[in-house]
Each structure stands twice: as structure tokens, then as C-alpha cells.
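K.L.:
What follows is start30.txt, compact mmCIF, C-alpha atoms.
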# COMPACT_ATOMS: atom_id res chain seq x y z
CA MET L 1 0.00 0.00 0.00
CA PRO L 2 1.44 3.44 -0.91
CA PRO L 3 2.38 5.58 2.10
CA SER L 4 -0.30 8.14 1.24
CA LEU L 5 -3.00 5.46 1.48
CA SER L 6 -1.78 3.90 4.70
CA PRO L 7 -4.48 3.97 7.40
CA HIS L 8 -1.77 4.44 10.05
CA PRO L 9 0.82 6.91 8.69
CA ALA L 10 4.13 7.02 10.51
CA PRO L 11 4.30 9.88 13.02
CA ARG L 12 6.42 12.78 11.93
CA PRO L 13 9.48 13.57 14.04
CA PRO L 14 9.19 16.75 16.10
CA ARG L 15 10.40 19.85 14.27
CA PRO L 16 12.74 22.34 15.94
CA ARG L 17 9.84 24.57 16.95
CA ASP L 18 8.26 21.58 18.67
CA ASP L 19 11.28 21.06 20.92
CA ALA L 20 9.79 22.87 23.93
CA ARG L 21 6.61 20.79 23.74
CA HIS L 22 8.62 17.59 23.36
CA ARG L 23 10.70 18.50 26.41
CA ARG L 24 7.48 18.80 28.43
CA VAL L 25 6.36 15.40 27.19
CA SER L 26 9.79 13.91 27.90
CA ASP L 27 9.85 15.36 31.43
CA ALA L 28 6.36 13.97 32.07
CA VAL L 29 7.31 10.49 30.86
CA ARG L 30 10.49 10.43 32.95
CA ALA L 31 8.60 11.52 36.06
CA LEU L 32 5.87 8.93 35.53
CA VAL L 33 8.34 6.10 34.91
CA ALA L 34 10.21 7.09 38.08
CA GLU L 35 6.91 6.98 39.98
CA HIS L 36 5.21 3.98 38.38
CA GLY L 37 7.74 2.13 36.20
CA VAL L 38 6.74 1.00 32.71
CA HIS L 39 3.05 0.58 33.63
CA ILE L 40 2.05 4.08 32.55
CA SER L 41 -0.65 5.09 30.10
CA MET L 42 -0.87 7.70 27.40
CA ASP L 43 -3.78 9.15 29.38
CA ALA L 44 -1.45 9.72 32.33
CA VAL L 45 1.19 11.32 30.12
CA ALA L 46 -1.39 13.57 28.47
CA ALA L 47 -2.79 14.64 31.84
CA ARG L 48 0.69 15.43 33.16
CA VAL L 49 1.58 17.45 30.03
CA GLY L 50 -1.81 19.13 29.70
CA CYS L 51 -2.69 17.92 26.20
CA SER L 52 -4.97 15.33 24.64
CA LYS L 53 -4.11 11.65 24.25
CA GLN L 54 -4.86 11.99 20.54
CA THR L 55 -2.14 14.64 20.25
CA LEU L 56 0.41 12.24 21.72
CA TYR L 57 -0.61 9.41 19.39
CA ALA L 58 -0.47 11.74 16.37
CA ARG L 59 3.02 12.90 17.33
CA TYR L 60 4.62 9.65 18.55
CA GLY L 61 2.49 6.80 17.20
CA SER L 62 2.40 4.59 20.31
CA LYS L 63 3.42 4.42 23.95
CA GLN L 64 6.31 2.15 23.01
CA ALA L 65 7.57 4.64 20.42
CA LEU L 66 7.27 7.46 22.94
CA LEU L 67 9.23 5.54 25.59
CA ALA L 68 11.93 4.72 23.02
CA ARG L 69 12.16 8.36 21.94
CA VAL L 70 12.48 9.59 25.52
CA ALA L 71 15.09 6.92 26.27
CA ASN L 72 17.11 7.93 23.22
CA ASP L 73 16.92 11.60 24.22
CA GLY L 74 18.81 10.82 27.40
CA MET L 75 21.67 8.90 25.85
CA ALA L 76 25.06 10.33 26.71
CA VAL L 77 26.44 8.95 23.45
CA ALA L 78 25.23 12.15 21.79
CA ARG L 79 28.20 13.82 23.48
CA LEU L 80 30.63 11.91 21.27
CA SER L 81 32.17 13.89 18.45
CA ALA L 82 30.89 13.04 14.99
CA THR L 83 34.23 11.69 13.79
CA PRO L 84 36.93 10.44 16.19
CA THR L 85 40.47 11.68 15.63
CA ALA L 86 43.77 11.04 17.39
CA SER L 87 43.35 14.26 19.37
CA THR L 88 39.67 13.79 20.27
CA LEU L 89 39.49 10.03 20.96
CA ARG L 90 40.33 10.06 24.67
CA PRO L 91 38.63 13.40 25.52
CA ALA L 92 35.45 12.28 23.74
CA LEU L 93 35.36 8.94 25.55
CA LEU L 94 36.04 10.64 28.89
CA ALA L 95 33.22 13.13 28.31
CA PHE L 96 30.92 10.25 27.40
CA ALA L 97 31.91 8.32 30.53
CA HIS L 98 31.40 11.33 32.81
CA GLU L 99 27.98 12.07 31.33
CA HIS L 100 26.90 8.43 31.44
CA LEU L 101 27.90 8.01 35.09
CA ALA L 102 26.26 11.29 36.06
CA HIS L 103 23.03 10.20 34.37
CA LEU L 104 23.04 6.84 36.15
CA ALA L 105 23.64 8.58 39.49
CA LYS L 106 20.48 10.72 39.23
CA PRO L 107 17.83 9.72 41.80
CA ALA L 108 15.19 9.56 39.05
CA THR L 109 17.31 7.13 37.03
CA ILE L 110 17.96 4.89 40.03
CA GLY L 111 14.32 4.98 41.10
CA ALA L 112 13.10 4.13 37.62
CA ALA L 113 15.59 1.26 37.38
CA ARG L 114 14.34 -0.22 40.65
CA LEU L 115 10.72 -0.01 39.53
CA VAL L 116 11.35 -1.37 36.05
CA THR L 117 13.35 -4.30 37.43
CA ALA L 118 10.56 -5.10 39.87
CA GLN L 119 8.01 -5.06 37.02
CA ALA L 120 9.98 -7.32 34.65
CA GLN L 121 7.96 -10.45 35.49
CA GLN L 122 4.61 -8.68 35.24
CA PHE L 123 5.35 -6.64 32.11
CA PRO L 124 8.12 -8.53 30.27
CA GLU L 125 7.45 -7.06 26.82
CA GLU L 126 7.38 -3.46 28.00
CA VAL L 127 10.56 -3.90 30.05
CA ALA L 128 12.33 -5.61 27.14
CA GLU L 129 11.30 -2.80 24.78
CA LEU L 130 12.55 -0.18 27.22
CA PHE L 131 15.88 -2.01 27.49
CA ALA L 132 16.20 -2.17 23.71
CA GLY L 133 15.26 1.48 23.33
CA TRP L 134 17.85 2.70 25.80
CA VAL L 135 20.64 0.24 26.54
CA GLY L 136 20.43 -1.50 23.17
CA ALA L 137 20.40 1.74 21.21
CA LEU L 138 23.21 3.15 23.34
CA GLU L 139 25.39 0.10 22.67
CA ALA L 140 24.65 0.22 18.94
CA GLN L 141 25.52 3.91 18.59
CA LEU L 142 28.67 3.53 20.67
CA ALA L 143 29.67 0.52 18.54
CA ALA L 144 29.26 2.57 15.36
CA TRP L 145 31.48 5.32 16.80
CA LEU L 146 34.15 2.84 17.91
CA GLN L 147 34.06 1.23 14.48
CA GLN L 148 34.93 4.60 12.96
CA ALA L 149 37.91 4.80 15.31
CA MET L 150 38.99 1.30 14.33
CA ARG L 151 38.77 2.09 10.62
CA ARG L 152 40.90 5.18 11.18
CA GLY L 153 43.57 3.12 12.91
CA LEU L 154 42.94 4.75 16.29
CA LEU L 155 41.87 1.46 17.92
CA ARG L 156 42.74 -2.18 17.32
CA HIS L 157 40.41 -3.81 14.79
CA ASP L 158 37.92 -6.05 16.59
CA ASP L 159 34.19 -6.60 16.94
CA PRO L 160 32.87 -3.08 17.62
CA HIS L 161 29.71 -4.33 19.35
CA CYS L 162 31.73 -6.47 21.77
CA ALA L 163 34.06 -3.51 22.32
CA ALA L 164 31.09 -1.21 23.04
CA GLU L 165 29.56 -3.68 25.50
CA LEU L 166 32.91 -4.11 27.23
CA LEU L 167 33.43 -0.34 27.42
CA LEU L 168 29.97 0.24 28.92
CA GLY L 169 30.64 -2.45 31.49
CA MET L 170 34.00 -0.92 32.37
CA ILE L 171 32.48 2.56 32.74
CA VAL L 172 29.58 1.49 34.94
CA GLY L 173 31.42 -1.17 36.93
CA LEU L 174 29.41 -2.26 39.97
CA ASP L 175 28.38 1.23 41.03
CA PHE L 176 24.90 1.24 39.49
CA ASP L 177 24.17 -2.07 41.24
CA ARG L 178 25.45 -0.57 44.49
CA GLN L 179 23.14 2.41 44.09
CA ARG L 180 20.11 0.28 43.30
CA HIS L 181 20.76 -1.82 46.39
CA LEU L 182 21.46 1.18 48.65
CA ALA L 183 25.07 0.11 49.21
CA PRO L 184 27.96 2.59 49.57
CA HIS L 185 28.94 3.86 46.12
CA ARG L 186 30.87 6.59 44.28
CA SER L 187 28.41 9.36 45.15
CA ALA L 188 30.82 12.28 44.70
CA PRO L 189 31.55 13.64 41.19
CA GLU L 190 35.27 13.47 41.95
CA ALA L 191 35.06 9.73 42.67
CA ARG L 192 33.10 9.15 39.46
CA SER L 193 35.65 11.19 37.52
CA ARG L 194 38.56 9.12 38.83
CA TRP L 195 36.73 5.92 37.89
CA ALA L 196 35.91 7.28 34.43
CA GLU L 197 39.57 8.01 33.75
CA PHE L 198 40.60 4.58 35.05
CA ALA L 199 38.05 2.82 32.83
CA ILE L 200 38.77 4.81 29.67
CA ASP L 201 42.55 4.58 29.97
CA ASN L 202 42.40 0.82 30.51
CA PHE L 203 40.03 0.42 27.56
CA LEU L 204 42.35 2.43 25.33
CA ARG L 205 45.32 0.30 26.40
CA ALA L 206 43.38 -2.90 25.70
CA PHE L 207 42.36 -1.72 22.22
CA ALA L 208 45.51 0.18 21.29
CA PRO L 209 46.41 -0.31 17.62
CA PRO L 210 49.43 -2.57 16.94
CA CYS L 211 51.65 0.35 15.97
CA ALA L 212 51.09 1.92 19.40
CA LEU L 213 52.32 -1.23 21.14
CA THR L 214 55.70 -1.44 19.39
In C-alpha cells, how does this file's structure come out?
P.N.:
Amino acid sequence: MPPSLSPHPAPRPPRPRDDARHRRVSDAVRALVAEHGVHISMDAVAARVGCSKQTLYARYGSKQALLARVANDGMAVARLSATPTASTLRPALLAFAHEHLAHLAKPATIGAARLVTAQAQQFPEEVAELFAGWVGALEAQLAAWLQQAMRRGLLRHDDPHCAAELLLGMIVGLDFDRQRHLAPHRSAPEARSRWAEFAIDNFLRAFAPPCALT
């Protein structure tokens, strides 16, 4: 069926002038997820924003698409430079690590993670979609960036997706688990910064190109 005849046309992405309205929607979704986990409705989002449910469906298409969009908005990977170079590789990865750790340390992020984890058995599809929309998309975008660095000879050639997963694990370490379980963790920005440098420098040593090892 031609796109013009489709009974369910794809929602258009927000234009620049819609950014303020989208920020209100995004803030409402984040607040509701922190309060209720994934079991939120478009009615609740609309009431929190002060618009109609039909407006949300026209703009985003579905609750799943809205959750994915909001998750993608918060990804620290956007901080990475468009094209890695020898001079920007380490600073870009450090900035990414700092931003990612700061995001995970926010009370709203921790609270939402606790709720979503608790709801995994009851709402497995919604939780899986939220994981794919945030963690999965983050890993994929980071892998694409690392692949650019590998092709430019800045990193050792290897599986970029495995490298991205390893890097995310090194950056986060056990601290997010500590926070979710109310255990002592790196609560101060200075402690997170030291860990970020440790993780990035060890990752860069592990994936140093052959010429850098001779």
C-alpha cells in the first residue's frame, strides 16, 4: 500500500519549533516512569503534560515509540564527536563516561531502574522494549562510533559491538548495582571522575592499535 493510502501513517518527528513541547512530554514520561515504572498510560502522560491523548498518538504513534524516543533523548552517546580523531578520541570517551555516570547517578534514574526491574515479570514485553530502546540503542551507537575509530587506525580492529559492551561495562562497573541496592557507592563527582579516567585509559590500552604497542 502506498504511504499516502496507509491507514496508520508514521508519526512525523518533532520539528525544531516543537522542541519545547517535546521537552514537556519527555519530562512527564520520565517523572511517571520514576513513579510507576513501565506501567504508565498515554492518558497519564497527556494529563501530566496538559494535552490530549490523541495529540500524543499523532506525534509519537504509540506508547512504546514514545518511551523509546524519551530513552534515546537521554543517551550520553550524543556527546561523542561526529568523527573520532587522534586528538579527540580520549577526551570524547572521557566526556561520554562522565555524562553516562552522572546520568546513572540521578535519583530519578535509580528509582526508575528499581521499579522497572521489579516489574519485569509482570510486564516482560514493555521492560524488554525499554531495554532495547535505551541500553540496546546506546550500545549500537557507541559501537558505530568505535568502528569509525577502528577504521581510522585509532583502535585495534575487533568486533565493535563487543568492544562497546565491554566499554559500557567498564564505565559502569558495579556502582549502578550498588546504588540500586542502597550500598555505599561513588556518590561524589570526583570519585566518578577518577573511575571514568581509570576505565577509559584501561580500555584504550586494551584496544591500542598494533603500531602503538611497538
K.L.:
Name all residues at most 9 Å from range 85-92 of chain L (count all atoms listed in the file; drop same-chain ones fewer than 4 positions away) and give them as a list in words.
P.N.:
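Everything that qualifies: Arg79, Leu80, Ser81, Phe96, Ala97, Ala149, Arg152, Leu154, Ile200, Asp201 and Leu204 of chain L.
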K.L.:
Could you work out how far CA of Pro189 in chain L lies from CA of Leu146 in chain L, giving the answer in Å with one decimal?
P.N.:
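CA of Leu146 in chain L sits 25.8 Å away from CA of Pro189 in chain L.
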K.L.:
What does the distance from CA of Pro184 in chain L to CA of Leu93 in chain L come to in Å, to one decimal?
P.N.:
25.9 Å
K.L.:
What is the distance between CA of Ser62 in chain L and CA of Val38 in chain L, in Å to one decimal?
P.N.:
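CA of Ser62 in chain L sits 13.6 Å away from CA of Val38 in chain L.
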K.L.:
Which one is closest to Ala199 in chain L: L:Leu94, L:Ala108, L:Cys162, L:Leu130? Count all atoms listed in the file.
P.N.:
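Ranking L:Leu94, L:Ala108, L:Cys162, L:Leu130 by distance to Ala199 in chain L, first place goes to L:Leu94.
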K.L.:
Quick one: everything within 12 Å of Asp158 in chain L, counting only C-alpha atoms, minus sequence neighbours fewer than 5 positions away in the same chain. Send it as a ChimeraX atom specification.
P.N.:
/L:143,146-151,153,163-164,166,206-209
K.L.:
Take the selection from the previous step and output its residues with C-alpha atoms, as a CSV table (one decimal), keeping the file's coordinate frame.
P.N.:
chain,number,residue,atom,x,y,z
L,143,ALA,CA,29.7,0.5,18.5
L,146,LEU,CA,34.2,2.8,17.9
L,147,GLN,CA,34.1,1.2,14.5
L,148,GLN,CA,34.9,4.6,13.0
L,149,ALA,CA,37.9,4.8,15.3
L,150,MET,CA,39.0,1.3,14.3
L,151,ARG,CA,38.8,2.1,10.6
L,153,GLY,CA,43.6,3.1,12.9
L,163,ALA,CA,34.1,-3.5,22.3
L,164,ALA,CA,31.1,-1.2,23.0
L,166,LEU,CA,32.9,-4.1,27.2
L,206,ALA,CA,43.4,-2.9,25.7
L,207,PHE,CA,42.4,-1.7,22.2
L,208,ALA,CA,45.5,0.2,21.3
L,209,PRO,CA,46.4,-0.3,17.6
K.L.:
Can you pull out every residue within 9 Å of Val29 in chain L, counting only C-alpha atoms, but drop anything in the same chain fewer than 5 positions away, and send it as a PDB file with C-alpha atoms, in the frame of the given file?
P.N.:
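Saved the output as result37.pdb:
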ATOM      1  CA  ARG L  24       7.480  18.800  28.430  1.00  0.00           C
ATOM      2  CA  ALA L  34      10.210   7.090  38.080  1.00  0.00           C
ATOM      3  CA  ILE L  40       2.050   4.080  32.550  1.00  0.00           C
ATOM      4  CA  ALA L  44      -1.450   9.720  32.330  1.00  0.00           C
ATOM      5  CA  VAL L  45       1.190  11.320  30.120  1.00  0.00           C
ATOM      6  CA  ARG L  48       0.690  15.430  33.160  1.00  0.00           C
ATOM      7  CA  LEU L  66       7.270   7.460  22.940  1.00  0.00           C
ATOM      8  CA  LEU L  67       9.230   5.540  25.590  1.00  0.00           C
ATOM      9  CA  VAL L  70      12.480   9.590  25.520  1.00  0.00           C
TER      10      VAL L  70
END
K.L.:
Which is closest to Phe203 in chain L among L:Asp177, L:Glu129, L:Glu35, L:Glu165, if we use all atoms listed in the file?
P.N.:
L:Glu165
K.L.:
In the coordinate frame of the file, compute which residues have an atom within 12 Å of (31.2, -0.1, 40.9) when using only C-alpha atoms, and state them as a PyMOL selection string.
P.N.:
chain L and resi 101+104-105+169-181+183-187+191-192+194-196+199
K.L.:
Can I get the selection written as a PDB file, in the frame of the given file, with C-alpha atoms?
P.N.:
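The result, stored in again27.pdb:
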ATOM      1  CA  LEU L 101      27.900   8.010  35.090  1.00  0.00           C
ATOM      2  CA  LEU L 104      23.040   6.840  36.150  1.00  0.00           C
ATOM      3  CA  ALA L 105      23.640   8.580  39.490  1.00  0.00           C
ATOM      4  CA  GLY L 169      30.640  -2.450  31.490  1.00  0.00           C
ATOM      5  CA  MET L 170      34.000  -0.920  32.370  1.00  0.00           C
ATOM      6  CA  ILE L 171      32.480   2.560  32.740  1.00  0.00           C
ATOM      7  CA  VAL L 172      29.580   1.490  34.940  1.00  0.00           C
ATOM      8  CA  GLY L 173      31.420  -1.170  36.930  1.00  0.00           C
ATOM      9  CA  LEU L 174      29.410  -2.260  39.970  1.00  0.00           C
ATOM     10  CA  ASP L 175      28.380   1.230  41.030  1.00  0.00           C
ATOM     11  CA  PHE L 176      24.900   1.240  39.490  1.00  0.00           C
ATOM     12  CA  ASP L 177      24.170  -2.070  41.240  1.00  0.00           C
ATOM     13  CA  ARG L 178      25.450  -0.570  44.490  1.00  0.00           C
ATOM     14  CA  GLN L 179      23.140   2.410  44.090  1.00  0.00           C
ATOM     15  CA  ARG L 180      20.110   0.280  43.300  1.00  0.00           C
ATOM     16  CA  HIS L 181      20.760  -1.820  46.390  1.00  0.00           C
ATOM     17  CA  ALA L 183      25.070   0.110  49.210  1.00  0.00           C
ATOM     18  CA  PRO L 184      27.960   2.590  49.570  1.00  0.00           C
ATOM     19  CA  HIS L 185      28.940   3.860  46.120  1.00  0.00           C
ATOM     20  CA  ARG L 186      30.870   6.590  44.280  1.00  0.00           C
ATOM     21  CA  SER L 187      28.410   9.360  45.150  1.00  0.00           C
ATOM     22  CA  ALA L 191      35.060   9.730  42.670  1.00  0.00           C
ATOM     23  CA  ARG L 192      33.100   9.150  39.460  1.00  0.00           C
ATOM     24  CA  ARG L 194      38.560   9.120  38.830  1.00  0.00           C
ATOM     25  CA  TRP L 195      36.730   5.920  37.890  1.00  0.00           C
ATOM     26  CA  ALA L 196      35.910   7.280  34.430  1.00  0.00           C
ATOM     27  CA  ALA L 199      38.050   2.820  32.830  1.00  0.00           C
TER      28      ALA L 199
END
